[in-house]
$ cat work08.csv   # CSV, C-alpha atoms (C1' of nucleotides)
chain,number,residue,atom,x,y,z
A,19,MET,CA,3.7,23.2,-10.3
A,20,TRP,CA,5.2,19.8,-10.8
A,21,LEU,CA,3.7,18.5,-7.6
A,22,ARG,CA,0.2,18.1,-6.3
A,23,ILE,CA,-0.8,16.4,-3.0
A,24,GLU,CA,-4.0,14.6,-2.4
A,25,ALA,CA,-4.7,15.0,1.3
A,26,ARG,CA,-7.4,12.2,1.1
A,27,SER,CA,-5.1,9.6,-0.4
A,28,SER,CA,-4.1,6.7,1.7
A,29,ILE,CA,-0.6,7.2,0.4
A,30,PRO,CA,1.5,9.1,3.0
A,31,VAL,CA,2.2,12.7,2.2
A,32,TYR,CA,6.0,12.4,2.3
A,33,GLN,CA,5.7,9.4,-0.1
A,34,GLN,CA,3.6,11.5,-2.5
A,35,VAL,CA,6.3,14.1,-2.4
A,36,VAL,CA,9.0,11.5,-3.1
A,37,ASP,CA,7.0,10.1,-6.0
A,38,GLY,CA,6.2,13.5,-7.3
A,39,VAL,CA,9.8,14.6,-7.5
A,40,LYS,CA,10.9,11.3,-9.1
A,41,SER,CA,8.0,11.6,-11.6
A,42,ALA,CA,9.0,15.1,-12.5
A,43,VAL,CA,12.6,14.0,-13.0
A,44,ALA,CA,11.5,11.1,-15.2
A,45,LYS,CA,9.3,13.5,-17.2
A,46,ARG,CA,12.3,16.0,-17.4
A,47,LEU,CA,10.2,18.7,-15.8
A,48,LEU,CA,13.1,18.8,-13.4
A,49,GLN,CA,16.6,18.8,-14.8
A,50,PRO,CA,19.8,17.8,-13.1
A,51,GLY,CA,21.1,20.9,-11.2
A,52,ASP,CA,17.6,22.4,-10.8
A,53,ARG,CA,17.0,23.6,-7.3
A,54,LEU,CA,14.1,22.4,-5.2
A,55,PRO,CA,12.1,24.7,-2.9
A,56,ALA,CA,13.3,25.1,0.6
A,57,VAL,CA,11.9,22.7,3.1
A,58,ARG,CA,9.8,25.3,4.9
A,59,ASP,CA,8.7,26.9,1.6
A,60,LEU,CA,7.4,23.7,0.1
A,61,ALA,CA,5.8,22.8,3.5
A,62,THR,CA,3.9,26.1,3.5
A,63,GLU,CA,2.9,25.7,-0.1
A,64,LEU,CA,1.5,22.2,0.4
A,65,THR,CA,0.1,23.2,3.8
A,66,VAL,CA,1.9,20.4,5.6
A,67,ASN,CA,4.5,20.3,8.4
A,68,HIS,CA,8.1,21.0,7.5
A,69,ASN,CA,9.1,17.8,9.1
A,70,THR,CA,7.0,15.9,6.6
A,71,VAL,CA,8.8,17.6,3.7
A,72,GLN,CA,12.1,17.0,5.2
A,73,LYS,CA,11.4,13.3,5.5
A,74,ALA,CA,10.7,13.3,1.8
A,75,TYR,CA,13.9,15.1,1.0
A,76,GLN,CA,15.8,12.7,3.2
A,77,GLU,CA,14.4,9.8,1.3
A,78,LEU,CA,15.2,11.4,-2.0
A,79,GLU,CA,18.7,11.9,-0.9
A,80,ARG,CA,19.1,8.3,0.2
A,81,GLU,CA,18.0,7.4,-3.3
A,82,HIS,CA,20.5,9.8,-4.8
A,83,VAL,CA,17.8,11.6,-6.7
A,84,ILE,CA,18.7,14.9,-5.1
A,85,GLU,CA,21.8,16.4,-3.5
A,86,VAL,CA,21.7,18.4,-0.4
A,87,VAL,CA,24.1,21.3,0.5
A,88,ARG,CA,23.7,22.5,4.1
A,89,GLY,CA,22.9,26.1,4.3
A,90,LYS,CA,22.4,26.4,0.5
A,91,GLY,CA,19.7,24.2,-0.8
A,92,THR,CA,18.7,21.0,-2.4
A,93,TYR,CA,19.3,20.2,-6.1
A,94,ILE,CA,18.5,17.5,-8.6
A,95,SER,CA,21.5,15.1,-8.8
A,96,ARG,CA,23.8,15.6,-11.7
A,97,ASN,CA,25.2,12.1,-11.8
A,98,PRO,CA,22.8,9.9,-9.9
A,99,SER,CA,24.1,6.6,-8.8
A,100,ILE,CA,21.7,3.8,-7.9
A,101,PRO,CA,21.7,2.6,-4.4
A,102,ASN,CA,20.1,-0.8,-3.5
A,103,GLU,CA,19.8,-1.5,-7.2
A,104,ARG,CA,19.3,-5.2,-6.8
A,105,GLU,CA,16.7,-4.9,-4.1
A,106,ARG,CA,14.8,-2.3,-6.0
A,107,ARG,CA,14.8,-4.4,-9.2
A,108,GLU,CA,13.5,-7.3,-7.2
A,109,ALA,CA,10.8,-5.2,-5.6
A,110,LEU,CA,9.9,-3.9,-9.0
A,111,TYR,CA,9.6,-7.4,-10.3
A,112,LYS,CA,7.5,-8.5,-7.4
A,113,GLU,CA,5.1,-5.6,-8.0
A,114,MET,CA,4.9,-6.7,-11.6
A,115,VAL,CA,3.9,-10.2,-10.7
A,116,ARG,CA,1.4,-8.8,-8.2
A,117,TRP,CA,-0.3,-6.8,-11.0
A,118,VAL,CA,-0.2,-9.7,-13.4
A,119,ILE,CA,-2.3,-11.5,-10.9
A,120,GLU,CA,-4.6,-8.5,-10.5
A,121,ALA,CA,-4.9,-8.3,-14.3
A,122,HIS,CA,-5.9,-12.0,-14.3
A,123,HIS,CA,-8.7,-11.3,-11.9
A,124,LEU,CA,-9.8,-8.3,-14.0
A,125,ARG,CA,-9.8,-10.6,-17.0
A,126,ILE,CA,-7.2,-8.5,-18.7
A,127,ARG,CA,-5.3,-10.6,-21.2
A,128,ASP,CA,-1.5,-10.6,-21.5
A,129,ASP,CA,-1.4,-8.6,-24.7
A,130,GLU,CA,-3.7,-6.0,-23.3
A,131,LEU,CA,-1.5,-5.6,-20.2
A,132,LEU,CA,1.5,-5.2,-22.4
A,133,LYS,CA,-0.3,-2.6,-24.4
A,134,LEU,CA,-1.2,-0.8,-21.2
A,135,LEU,CA,2.4,-0.7,-20.2
A,136,ARG,CA,3.4,0.8,-23.6
A,137,THR,CA,0.7,3.5,-23.0
A,138,ALA,CA,2.1,4.3,-19.6
A,139,MET,CA,5.6,4.7,-21.1
A,140,GLN,CA,4.3,7.1,-23.7
A,141,ASP,CA,2.5,9.1,-21.0
A,142,ILE,CA,5.7,9.6,-19.1
A,143,HIS,CA,8.0,10.3,-22.1
A,144,GLN,CA,5.6,12.9,-23.5
A,145,GLY,CA,5.6,14.8,-20.3
A,146,GLY,CA,1.9,14.8,-19.6
A,147,ASP,CA,0.4,14.9,-16.2
A,148,GLU,CA,-0.4,11.4,-15.0
A,149,GLY,CA,-3.5,12.4,-13.2
A,150,ALA,CA,-6.1,12.3,-15.9
A,151,MET,CA,-7.3,8.9,-16.9
A,152,ASN,CA,-10.4,9.0,-19.0
A,153,GLY,CA,-11.4,5.4,-18.4
A,154,ASP,CA,-10.6,3.9,-21.8
A,155,HIS,CA,-7.2,2.3,-21.1
A,156,CYS,CA,-7.5,-0.4,-23.6
A,157,ARG,CA,-6.4,1.6,-26.5
A,158,GLY,CA,-3.9,4.4,-26.2
A,159,SER,CA,-5.6,6.9,-24.1
A,160,ARG,CA,-4.0,10.2,-24.3
A,161,GLU,CA,-5.7,12.9,-22.3
A,162,LEU,CA,-4.1,16.2,-22.4
A,163,ASP,CA,-2.3,17.9,-19.6
A,164,GLU,CA,-2.8,20.8,-17.2
A,165,ASP,CA,-1.5,24.3,-17.3
A,166,VAL,CA,1.9,25.2,-16.1
B,23,MET,CA,1.1,-25.2,0.7
B,24,TRP,CA,0.0,-22.5,-1.7
B,25,LEU,CA,0.6,-19.8,1.0
B,26,ARG,CA,3.5,-18.6,2.9
B,27,ILE,CA,3.6,-15.5,5.2
B,28,GLU,CA,6.6,-13.3,5.7
B,29,ALA,CA,6.3,-12.0,9.2
B,30,ARG,CA,9.1,-9.4,8.6
B,31,SER,CA,7.4,-7.9,5.6
B,32,SER,CA,6.0,-4.5,5.7
B,33,ILE,CA,2.9,-5.8,3.9
B,34,PRO,CA,0.1,-6.5,6.4
B,35,VAL,CA,-0.5,-10.2,7.1
B,36,TYR,CA,-4.1,-10.1,6.0
B,37,GLN,CA,-3.0,-8.5,2.7
B,38,GLN,CA,-0.4,-11.3,2.2
B,39,VAL,CA,-3.2,-13.8,2.6
B,40,VAL,CA,-5.4,-12.0,0.1
B,41,ASP,CA,-2.6,-11.8,-2.4
B,42,GLY,CA,-1.6,-15.5,-1.8
B,43,VAL,CA,-5.1,-16.7,-2.5
B,44,LYS,CA,-5.5,-14.6,-5.6
B,45,SER,CA,-2.1,-15.7,-6.8
B,46,ALA,CA,-3.0,-19.4,-6.2
B,47,VAL,CA,-6.1,-18.9,-8.2
B,48,ALA,CA,-4.3,-17.2,-11.0
B,49,LYS,CA,-1.8,-20.1,-11.0
B,50,ARG,CA,-4.7,-22.5,-10.9
B,51,LEU,CA,-3.3,-24.1,-7.8
B,52,LEU,CA,-6.8,-23.4,-6.4
B,53,GLN,CA,-9.7,-24.3,-8.6
B,54,PRO,CA,-13.3,-23.0,-8.5
B,55,GLY,CA,-15.2,-25.0,-5.9
B,56,ASP,CA,-12.1,-25.8,-3.9
B,57,ARG,CA,-12.5,-25.3,-0.2
B,58,LEU,CA,-10.3,-23.0,1.8
B,59,PRO,CA,-9.1,-23.9,5.3
B,60,ALA,CA,-11.3,-22.9,8.2
B,61,VAL,CA,-10.6,-19.4,9.6
B,62,ARG,CA,-9.2,-20.8,12.9
B,63,ASP,CA,-7.3,-23.6,11.2
B,64,LEU,CA,-5.5,-21.3,8.8
B,65,ALA,CA,-4.9,-18.9,11.7
B,66,THR,CA,-3.3,-21.6,13.7
B,67,GLU,CA,-1.2,-22.8,10.8
B,68,LEU,CA,0.1,-19.3,10.1
B,69,THR,CA,0.4,-18.5,13.8
B,70,VAL,CA,-1.7,-15.4,13.5
B,71,ASN,CA,-5.0,-14.3,15.1
B,72,HIS,CA,-8.2,-15.7,13.6
B,73,ASN,CA,-9.5,-12.2,13.2
B,74,THR,CA,-6.6,-11.5,10.8
B,75,VAL,CA,-7.5,-14.4,8.6
B,76,GLN,CA,-11.1,-13.5,8.8
B,77,LYS,CA,-10.3,-10.0,7.6
B,78,ALA,CA,-8.5,-11.5,4.6
B,79,TYR,CA,-11.5,-13.8,3.8
B,80,GLN,CA,-13.8,-10.8,4.1
B,81,GLU,CA,-11.7,-8.9,1.6
B,82,LEU,CA,-11.6,-11.9,-0.8
B,83,GLU,CA,-15.4,-12.2,-0.6
B,84,ARG,CA,-15.8,-8.5,-1.3
B,85,GLU,CA,-13.7,-9.1,-4.5
B,86,HIS,CA,-15.9,-12.1,-5.3
B,87,VAL,CA,-12.8,-14.4,-5.4
B,88,ILE,CA,-14.3,-16.7,-2.8
B,89,GLU,CA,-17.8,-17.5,-1.6
B,90,VAL,CA,-18.7,-18.0,2.0
B,91,VAL,CA,-21.4,-20.4,3.4
B,92,ARG,CA,-22.1,-19.8,7.0
B,93,GLY,CA,-21.6,-22.9,9.0
B,94,LYS,CA,-20.1,-24.8,6.2
B,95,GLY,CA,-16.9,-23.2,4.9
B,96,THR,CA,-15.4,-20.9,2.3
B,97,TYR,CA,-14.9,-21.9,-1.4
B,98,ILE,CA,-13.2,-20.5,-4.5
B,99,SER,CA,-15.9,-18.7,-6.5
B,100,ARG,CA,-17.3,-20.6,-9.5
B,101,ASN,CA,-18.4,-17.7,-11.5
B,102,PRO,CA,-16.5,-14.7,-10.2
B,103,SER,CA,-17.9,-11.3,-11.1
B,104,ILE,CA,-15.7,-8.2,-11.0
B,105,PRO,CA,-16.6,-5.5,-8.5
B,106,ASN,CA,-15.2,-2.0,-8.9
B,107,GLU,CA,-13.8,-3.0,-12.3
B,108,ARG,CA,-13.2,0.5,-13.4
B,109,GLU,CA,-11.5,1.7,-10.2
B,110,ARG,CA,-9.3,-1.3,-10.2
B,111,ARG,CA,-8.3,-0.8,-13.8
B,112,GLU,CA,-7.4,2.8,-13.1
B,113,ALA,CA,-5.5,1.8,-10.0
B,114,LEU,CA,-3.6,-0.8,-12.1
B,115,TYR,CA,-2.7,1.8,-14.7
B,116,LYS,CA,-1.5,4.3,-12.0
B,117,GLU,CA,0.7,1.5,-10.6
B,118,MET,CA,2.1,0.9,-14.1
B,119,VAL,CA,3.0,4.6,-14.4
B,120,ARG,CA,4.8,4.2,-11.1
B,121,TRP,CA,6.8,1.3,-12.5
B,122,VAL,CA,7.8,3.3,-15.5
B,123,ILE,CA,9.1,6.1,-13.2
B,124,GLU,CA,10.9,3.7,-11.0
B,125,ALA,CA,12.4,1.9,-14.0
B,126,HIS,CA,13.7,5.2,-15.3
B,127,HIS,CA,15.5,5.8,-12.0
B,128,LEU,CA,16.9,2.3,-12.2
B,129,ARG,CA,18.1,3.0,-15.7
B,130,ILE,CA,15.9,0.2,-17.1
B,131,ARG,CA,15.0,0.8,-20.7
B,132,ASP,CA,11.5,0.5,-22.1
B,133,ASP,CA,12.3,-2.8,-23.9
B,134,GLU,CA,13.8,-4.2,-20.8
B,135,LEU,CA,10.7,-3.3,-18.8
B,136,LEU,CA,8.5,-5.0,-21.4
B,137,LYS,CA,10.7,-8.1,-21.2
B,138,LEU,CA,10.4,-8.1,-17.4
B,139,LEU,CA,6.6,-8.0,-17.7
B,140,ARG,CA,6.6,-10.9,-20.1
B,141,THR,CA,8.8,-12.9,-17.7
B,142,ALA,CA,6.4,-12.1,-14.9
B,143,MET,CA,3.5,-13.4,-17.0
B,144,GLN,CA,5.4,-16.6,-17.7
B,145,ASP,CA,6.1,-17.0,-14.0
B,146,ILE,CA,2.4,-17.0,-13.4
B,147,HIS,CA,1.3,-19.2,-16.3
B,148,GLN,CA,4.3,-21.6,-16.0
B,149,GLY,CA,3.6,-25.2,-16.7
B,150,GLY,CA,-0.1,-24.8,-16.7
B,151,ASP,CA,-1.9,-24.5,-20.0
B,152,GLU,CA,-3.9,-21.4,-20.2
B,153,GLY,CA,-6.7,-22.0,-22.5
B,154,ALA,CA,-9.8,-20.0,-22.3
B,155,MET,CA,-9.1,-16.5,-21.3
B,156,ASN,CA,-12.1,-15.0,-23.0
B,157,GLY,CA,-11.8,-12.1,-25.4
B,158,ASP,CA,-13.5,-9.7,-23.1
B,159,HIS,CA,-12.3,-6.2,-23.8
B,160,CYS,CA,-12.7,-3.0,-22.0
B,161,ARG,CA,-16.3,-2.6,-22.6
B,162,GLY,CA,-17.4,-6.0,-21.5
B,163,SER,CA,-18.1,-5.7,-17.8
B,164,ARG,CA,-19.9,-8.7,-16.4
B,165,GLU,CA,-23.0,-8.3,-14.5
B,166,LEU,CA,-23.4,-9.8,-11.1
B,167,ASP,CA,-24.8,-13.2,-11.0
B,168,GLU,CA,-25.3,-14.9,-7.8
B,169,ASP,CA,-25.0,-17.9,-5.6
B,170,VAL,CA,-23.5,-21.3,-5.9
C,8,DC,C1',-32.6,-31.6,20.6
C,9,DC,C1',-27.8,-31.4,21.0
C,10,DG,C1',-22.8,-31.3,20.0
C,11,DT,C1',-19.5,-30.0,16.8
C,12,DG,C1',-17.6,-27.3,13.3
C,13,DT,C1',-18.1,-23.5,10.8
C,14,DG,C1',-18.3,-18.1,9.9
C,15,DT,C1',-19.3,-13.6,12.3
C,16,DA,C1',-19.4,-9.7,15.7
C,17,DC,C1',-17.9,-7.1,19.3
C,18,DT,C1',-14.8,-5.0,22.8
C,19,DA,C1',-10.4,-3.9,24.7
C,20,DG,C1',-5.9,-3.2,24.2
C,21,DT,C1',-0.8,-3.0,22.1
C,22,DC,C1',2.3,-1.4,18.7
C,23,DA,C1',4.2,1.1,14.8
C,24,DA,C1',3.8,4.6,11.2
C,25,DT,C1',2.4,9.1,10.1
C,26,DG,C1',1.8,13.7,10.8
C,27,DT,C1',1.7,18.1,13.7
C,28,DG,C1',3.7,21.9,16.4
C,29,DG,C1',7.4,23.8,18.4
C,30,DT,C1',12.1,24.7,19.5
C,31,DA,C1',16.8,24.6,18.9
C,32,DC,C1',21.1,23.9,16.4
C,33,DA,C1',24.6,23.9,12.2
C,34,DC,C1',26.2,25.8,8.1
C,35,DA,C1',26.9,29.2,3.9
C,36,DT,C1',26.7,33.7,2.2
C,37,DG,C1',26.8,38.4,1.9
D,15,DC,C1',26.3,39.2,12.4
D,16,DA,C1',21.7,38.6,10.0
D,17,DT,C1',19.4,35.7,7.1
D,18,DG,C1',18.2,31.6,4.7
D,19,DT,C1',19.2,27.2,4.4
D,20,DG,C1',19.1,22.0,6.1
D,21,DT,C1',18.9,19.2,10.5
D,22,DA,C1',17.7,17.2,15.1
D,23,DC,C1',15.0,16.9,18.8
D,24,DC,C1',10.7,16.5,21.6
D,25,DA,C1',5.8,15.7,22.9
D,26,DC,C1',1.4,14.6,21.2
D,27,DA,C1',-2.6,13.0,18.4
D,28,DT,C1',-4.4,9.9,15.0
D,29,DT,C1',-4.8,5.9,12.4
D,30,DG,C1',-4.2,1.1,10.8
D,31,DA,C1',-2.7,-3.5,11.8
D,32,DC,C1',-2.8,-7.0,15.0
D,33,DT,C1',-3.7,-9.7,19.2
D,34,DA,C1',-6.8,-11.6,22.7
D,35,DG,C1',-10.9,-13.1,24.4
D,36,DT,C1',-15.7,-13.8,24.4
D,37,DA,C1',-20.0,-14.5,22.5
D,38,DC,C1',-23.3,-15.4,18.9
D,39,DA,C1',-25.4,-17.5,14.3
D,40,DC,C1',-25.9,-21.2,11.2
D,41,DA,C1',-25.5,-26.2,9.1
D,42,DC,C1',-25.3,-30.8,9.7
D,43,DG,C1',-25.3,-35.4,11.6
D,44,DG,C1',-26.1,-38.1,15.6

$ encode --input "work08.csv" --output "structure tokens"
Amino acid sequence: MWLRIEARSSIPVYQQVVDGVKSAVAKRLLQPGDRLPAVRDLATELTVNHNTVQKAYQELEREHVIEVVRGKGTYISRNPSIPNERERREALYKEMVRWVIEAHHLRIRDDELLKLLRTAMQDIHQGGDEGAMNGDHCRGSRELDEDV
Amino acid sequence: MWLRIEARSSIPVYQQVVDGVKSAVAKRLLQPGDRLPAVRDLATELTVNHNTVQKAYQELEREHVIEVVRGKGTYISRNPSIPNERERREALYKEMVRWVIEAHHLRIRDDELLKLLRTAMQDIHQGGDEGAMNGDHCRGSRELDEDV
DNA sequence: CCGTGTGTACTAGTCAATGTGGTACACATG
DNA sequence: CATGTGTACCACATTGACTAGTACACACGG
């Protein structure tokens, strides 16, 4: 599956679902037009309440990542527009500043941080599963993926 | 002041205080040995409860950003060690993967994202000269070393 | 020793977000 | 109409953040 939930995580379940779908789209594991599981089906599979899944789908629809057809199903958007683009760009930038600060306190130098970002980009574009980090992030750490 | 709180933000107040202090340290607005306001004073100034400020100070002490002397005051650490370095590095990397995904959905190209990061770095280091960031790489984790 | 300023600890309570469980409704398709 | 889909409620429990108030512990200078 292209989605795995960590029940122990402090991140809300619905947020994990949102992130998981967006991640799968970025990795092209989900293509435009692909159908997502029904709300209740996915809820059963993840052993969470259907309302929780629905909240995730609602959020994904607000972000135009998916499209919903009542009575039929939910699908990955074909021509996604970008709502709240300005705010989201600003939020992204704020997060980046935040982690530059964190990097400073971890004594990570600027060039190391840039290298880390390049590694993250490769991780996404090569379709791996983001879960596995083997601890050596300073050079390109490529740990191989799961099964399908 | 080196600290401003947004009451409307979804980010908890105590977290904003933690981030604010760490940011000021990274920007060298606060130097090692500098004294922070008393818990109650800062609480009054920010119009929050003293317990909230204390929670922030506690967190900062856990991260060895500040040092606390009972009955005297709190001070920016002189020789900060790095607790939980490995976990924090992994958390940082996970966050970076999130950026890449978000950037994809914002149609931000890789080179743009790298440029954004460079800008964020300049925002932090602006004006100040940054001399001695030591060349400590992944392996070099400092060992704890105590007191004032 | 005492007063003052400091950090710390504890209890009680409010509020909002999250998640569950259940029920009911709306729409599309065959 | 039956079925599978998304949607909309409701009541409830749990958790984290925050407020409010009180009390204690320690350092320092009279």

$ closest_atom_pairs --input "work08.csv" --of "chain A" --to "chain D" --cutoff "8 Å" --atoms "all atoms listed in the file" --output "Markdown table"
| residue | atom | partner | partner_atom | distance |
| --- | --- | --- | --- | --- |
| A:Ala56 | CA | D:DT19 | C1' | 7.3 |
| A:Val57 | CA | D:DG20 | C1' | 7.8 |
| A:Val86 | CA | D:DG20 | C1' | 7.9 |
| A:Val87 | CA | D:DG20 | C1' | 7.5 |
| A:Arg88 | CA | D:DG20 | C1' | 5.0 |
| A:Gly89 | CA | D:DT19 | C1' | 3.9 |
| A:Lys90 | CA | D:DT19 | C1' | 5.1 |
| A:Gly91 | CA | D:DT19 | C1' | 6.0 |

$ interface_residues --input "work08.csv" --of "chain A" --to "chain C" --cutoff "12 Å" --atoms "all atoms listed in the file" --output "JSON list (two decimals) with C-alpha atoms, keeping the file's coordinate frame"
[["chain", "number", "residue", "atom", "x", "y", "z"],
["A", 25, "ALA", "CA", -4.70, 15.00, 1.30],
["A", 28, "SER", "CA", -4.10, 6.70, 1.70],
["A", 29, "ILE", "CA", -0.60, 7.20, 0.40],
["A", 30, "PRO", "CA", 1.50, 9.10, 3.00],
["A", 31, "VAL", "CA", 2.20, 12.70, 2.20],
["A", 32, "TYR", "CA", 6.00, 12.40, 2.30],
["A", 33, "GLN", "CA", 5.70, 9.40, -0.10],
["A", 61, "ALA", "CA", 5.80, 22.80, 3.50],
["A", 65, "THR", "CA", 0.10, 23.20, 3.80],
["A", 66, "VAL", "CA", 1.90, 20.40, 5.60],
["A", 67, "ASN", "CA", 4.50, 20.30, 8.40],
["A", 68, "HIS", "CA", 8.10, 21.00, 7.50],
["A", 69, "ASN", "CA", 9.10, 17.80, 9.10],
["A", 70, "THR", "CA", 7.00, 15.90, 6.60],
["A", 71, "VAL", "CA", 8.80, 17.60, 3.70],
["A", 73, "LYS", "CA", 11.40, 13.30, 5.50],
["A", 87, "VAL", "CA", 24.10, 21.30, 0.50],
["A", 88, "ARG", "CA", 23.70, 22.50, 4.10],
["A", 89, "GLY", "CA", 22.90, 26.10, 4.30],
["A", 90, "LYS", "CA", 22.40, 26.40, 0.50],
["A", 91, "GLY", "CA", 19.70, 24.20, -0.80]]

$ calpha_fit_rmsd --input "work08.csv" --fixed "chain B" --moving "chain A"
10.3 Å

$ interface_residues --input "work08.csv" --of "chain B" --to "chain A" --cutoff "6 Å" --atoms "all atoms listed in the file" --output "PyMOL selection string"
chain B and resi 45+119+123+142

$ atom_distance --input "work08.csv" --atom1 "atom CA of B:Ala113" --atom2 "atom CA of A:Gln34"
15.3 Å

$ atom_distance --input "work08.csv" --atom1 "atom CA of B:Leu64" --atom2 "atom CA of B:Ile27"
11.4 Å

$ atom_distance --input "work08.csv" --atom1 "atom CA of A:Thr92" --atom2 "atom CA of A:Arg26"
27.8 Å

$ build_atoms --input "work08.csv" --residues "stretch 132-144 of chain B" --atoms "N, CA and C atoms" --output "PDB file, keeping the file's coordinate frame"
ATOM      1  N   ASP B 132      12.902   0.883 -21.842  1.00  0.00           N
ATOM      2  CA  ASP B 132      11.500   0.500 -22.100  1.00  0.00           C
ATOM      3  C   ASP B 132      11.453  -1.001 -22.526  1.00  0.00           C
ATOM      4  N   ASP B 133      12.364  -1.382 -23.414  1.00  0.00           N
ATOM      5  CA  ASP B 133      12.300  -2.800 -23.900  1.00  0.00           C
ATOM      6  C   ASP B 133      12.608  -3.765 -22.821  1.00  0.00           C
ATOM      7  N   GLU B 134      13.525  -3.354 -21.919  1.00  0.00           N
ATOM      8  CA  GLU B 134      13.800  -4.200 -20.800  1.00  0.00           C
ATOM      9  C   GLU B 134      12.613  -4.412 -19.902  1.00  0.00           C
ATOM     10  N   LEU B 135      11.909  -3.310 -19.692  1.00  0.00           N
ATOM     11  CA  LEU B 135      10.700  -3.300 -18.800  1.00  0.00           C
ATOM     12  C   LEU B 135       9.663  -4.248 -19.402  1.00  0.00           C
ATOM     13  N   LEU B 136       9.490  -4.143 -20.703  1.00  0.00           N
ATOM     14  CA  LEU B 136       8.500  -5.000 -21.400  1.00  0.00           C
ATOM     15  C   LEU B 136       8.909  -6.470 -21.224  1.00  0.00           C
ATOM     16  N   LYS B 137      10.213  -6.699 -21.329  1.00  0.00           N
ATOM     17  CA  LYS B 137      10.700  -8.100 -21.200  1.00  0.00           C
ATOM     18  C   LYS B 137      10.420  -8.597 -19.796  1.00  0.00           C
ATOM     19  N   LEU B 138      10.655  -7.722 -18.824  1.00  0.00           N
ATOM     20  CA  LEU B 138      10.400  -8.100 -17.400  1.00  0.00           C
ATOM     21  C   LEU B 138       8.936  -8.501 -17.245  1.00  0.00           C
ATOM     22  N   LEU B 139       8.051  -7.706 -17.849  1.00  0.00           N
ATOM     23  CA  LEU B 139       6.600  -8.000 -17.700  1.00  0.00           C
ATOM     24  C   LEU B 139       6.297  -9.357 -18.321  1.00  0.00           C
ATOM     25  N   ARG B 140       6.899  -9.617 -19.481  1.00  0.00           N
ATOM     26  CA  ARG B 140       6.600 -10.900 -20.100  1.00  0.00           C
ATOM     27  C   ARG B 140       7.128 -12.053 -19.232  1.00  0.00           C
ATOM     28  N   THR B 141       8.286 -11.837 -18.602  1.00  0.00           N
ATOM     29  CA  THR B 141       8.800 -12.900 -17.700  1.00  0.00           C
ATOM     30  C   THR B 141       7.835 -13.079 -16.524  1.00  0.00           C
ATOM     31  N   ALA B 142       7.327 -11.984 -15.978  1.00  0.00           N
ATOM     32  CA  ALA B 142       6.400 -12.100 -14.900  1.00  0.00           C
ATOM     33  C   ALA B 142       5.151 -12.894 -15.289  1.00  0.00           C
ATOM     34  N   MET B 143       4.704 -12.655 -16.504  1.00  0.00           N
ATOM     35  CA  MET B 143       3.500 -13.400 -17.000  1.00  0.00           C
ATOM     36  C   MET B 143       3.849 -14.879 -17.092  1.00  0.00           C
ATOM     37  N   GLN B 144       5.039 -15.194 -17.592  1.00  0.00           N
ATOM     38  CA  GLN B 144       5.400 -16.600 -17.700  1.00  0.00           C
ATOM     39  C   GLN B 144       5.500 -17.243 -16.321  1.00  0.00           C
TER      40      GLN B 144
END
